[in-house]
Amino acid sequence: MTPNGFKTVVEIDLIGSFNASRAAFEQLQETKGSILFISAGQSFIPFENQAHAGAAKAGIDNLMRNLAFEWGRYGIRANSIAPGFIHDTTGVSKISGPNGVSGLVKDVPLGRLGSKTDVAHVALFLSSPMSSYVTGSTVVVDGGYYLGGSRSLSLVKADV
């Protein structure tokens, strides 16, 4: 990873999240709205060759908690979703290795990869009045994968 590559990921993920939030502040204040960030397991578990993504996503989660704390007085909520391995996504296809997704599935306690619908259901909940008292939270949608740490992903990558 080059310094410029690292900087680019942080600028897109973290600085982009700040800029979008700041641009929406007045409307969020007026409507008592909700900000929803997409994070990743790399924000709280180290993954090999993912320092750039981990730093950016950890920054997003910290930004989210700060905005929840600071903007709560305006009725604005802020939360994050940290998806695990989601079937039919570019990320899964890049890391699944020679055994396909079976190398990933074996380490997911629920025994399957997630779906885009799984993530959408959590996003709908966090954006709805059903979660009107939830702010400053990161909801992990991973079938329990991150409970095992990053060791299993390193083993999958070693097979590649």
# chains A, B, ... in the order shown; residues from 1 in each chain; ligands from 1

call {"tool": "closest_atom_pairs", "arguments": {"of": "segment 11-113 of chain A", "to": "segment 132-148 of chain A", "cutoff": "7 Å", "atoms": "only C-alpha atoms", "output": "Markdown table"}}
result
| residue | atom | partner | partner_atom | distance |
| --- | --- | --- | --- | --- |
| A:Gly41 | CA | A:Tyr146 | CA | 6.8 |
| A:Met64 | CA | A:Gly136 | CA | 6.4 |
| A:Arg65 | CA | A:Gly136 | CA | 4.6 |
| A:Ala68 | CA | A:Gly136 | CA | 5.1 |
| A:Arg77 | CA | A:Thr135 | CA | 5.1 |
| A:Ala78 | CA | A:Thr135 | CA | 5.3 |
| A:Asn79 | CA | A:Ser137 | CA | 5.0 |
| A:Ser80 | CA | A:Thr138 | CA | 4.5 |
| A:Ile81 | CA | A:Val139 | CA | 4.9 |
| A:Ala82 | CA | A:Val140 | CA | 4.6 |
| A:Pro83 | CA | A:Val141 | CA | 4.7 |
| A:Gly84 | CA | A:Asp142 | CA | 3.9 |
| A:Phe85 | CA | A:Asp142 | CA | 6.5 |
| A:Asp107 | CA | A:Tyr145 | CA | 6.3 |
| A:Val108 | CA | A:Tyr145 | CA | 4.6 |
| A:Pro109 | CA | A:Gly144 | CA | 5.4 |
| A:Leu110 | CA | A:Gly143 | CA | 5.1 |

call {"tool": "select_by_dssp", "arguments": {"residues": "chain A", "states": "strand (DSSP E)", "output": "number ranges by chain"}}
result
A: 34-38, 77-83, 138-141

call {"tool": "closest_residue", "arguments": {"among": "A:Gly149, A:Ile15, A:Leu104, A:Leu126", "to": "Ala56 of chain A", "atoms": "only C-alpha atoms"}}
result
A:Ile15

call {"tool": "select_by_dssp", "arguments": {"residues": "segment 16-156 of chain A", "states": "alpha helix (DSSP H)", "output": "ChimeraX atom specification"}}
result
/A:16-31,51-71,90-95,102-105,116-127,151-156

call {"tool": "closest_residue", "arguments": {"among": "A:Ser102, A:Ala123, A:Ile86, A:Gly59", "to": "Ile12 of chain A", "atoms": "only C-alpha atoms"}}
result
A:Gly59

call {"tool": "atom_distance", "arguments": {"atom1": "atom CA of Lys57 of chain A", "atom2": "atom CA of Gly103 of chain A"}}
result
24.5 Å

call {"tool": "closest_residue", "arguments": {"among": "A:Leu28, A:Leu14, A:Leu113, A:Ala20", "to": "Ser43 of chain A", "atoms": "only C-alpha atoms"}}
result
A:Leu14

call {"tool": "atom_distance", "arguments": {"atom1": "atom CA of Leu63 of chain A", "atom2": "atom CA of Ile38 of chain A"}}
result
11.9 Å

call {"tool": "atom_distance", "arguments": {"atom1": "atom CA of Ser128 of chain A", "atom2": "atom CA of Phe37 of chain A"}}
result
14.7 Å

call {"tool": "residues_around", "arguments": {"residues": "Glu30 of chain A", "least_positions_apart": "6", "cutoff": "12 Å", "atoms": "only C-alpha atoms", "output": "list in words"}}
result
Ala24, Tyr74, Gly75 and Ile76 of chain A

call {"tool": "closest_residue", "arguments": {"among": "A:Gly111, A:Gly91, A:Pro46, A:Gly72", "to": "Lys32 of chain A", "atoms": "only C-alpha atoms"}}
result
A:Gly72

call {"tool": "closest_residue", "arguments": {"among": "A:Phe125, A:Gln42, A:Gly16, A:His87", "to": "Arg112 of chain A", "atoms": "only C-alpha atoms"}}
result
A:His87
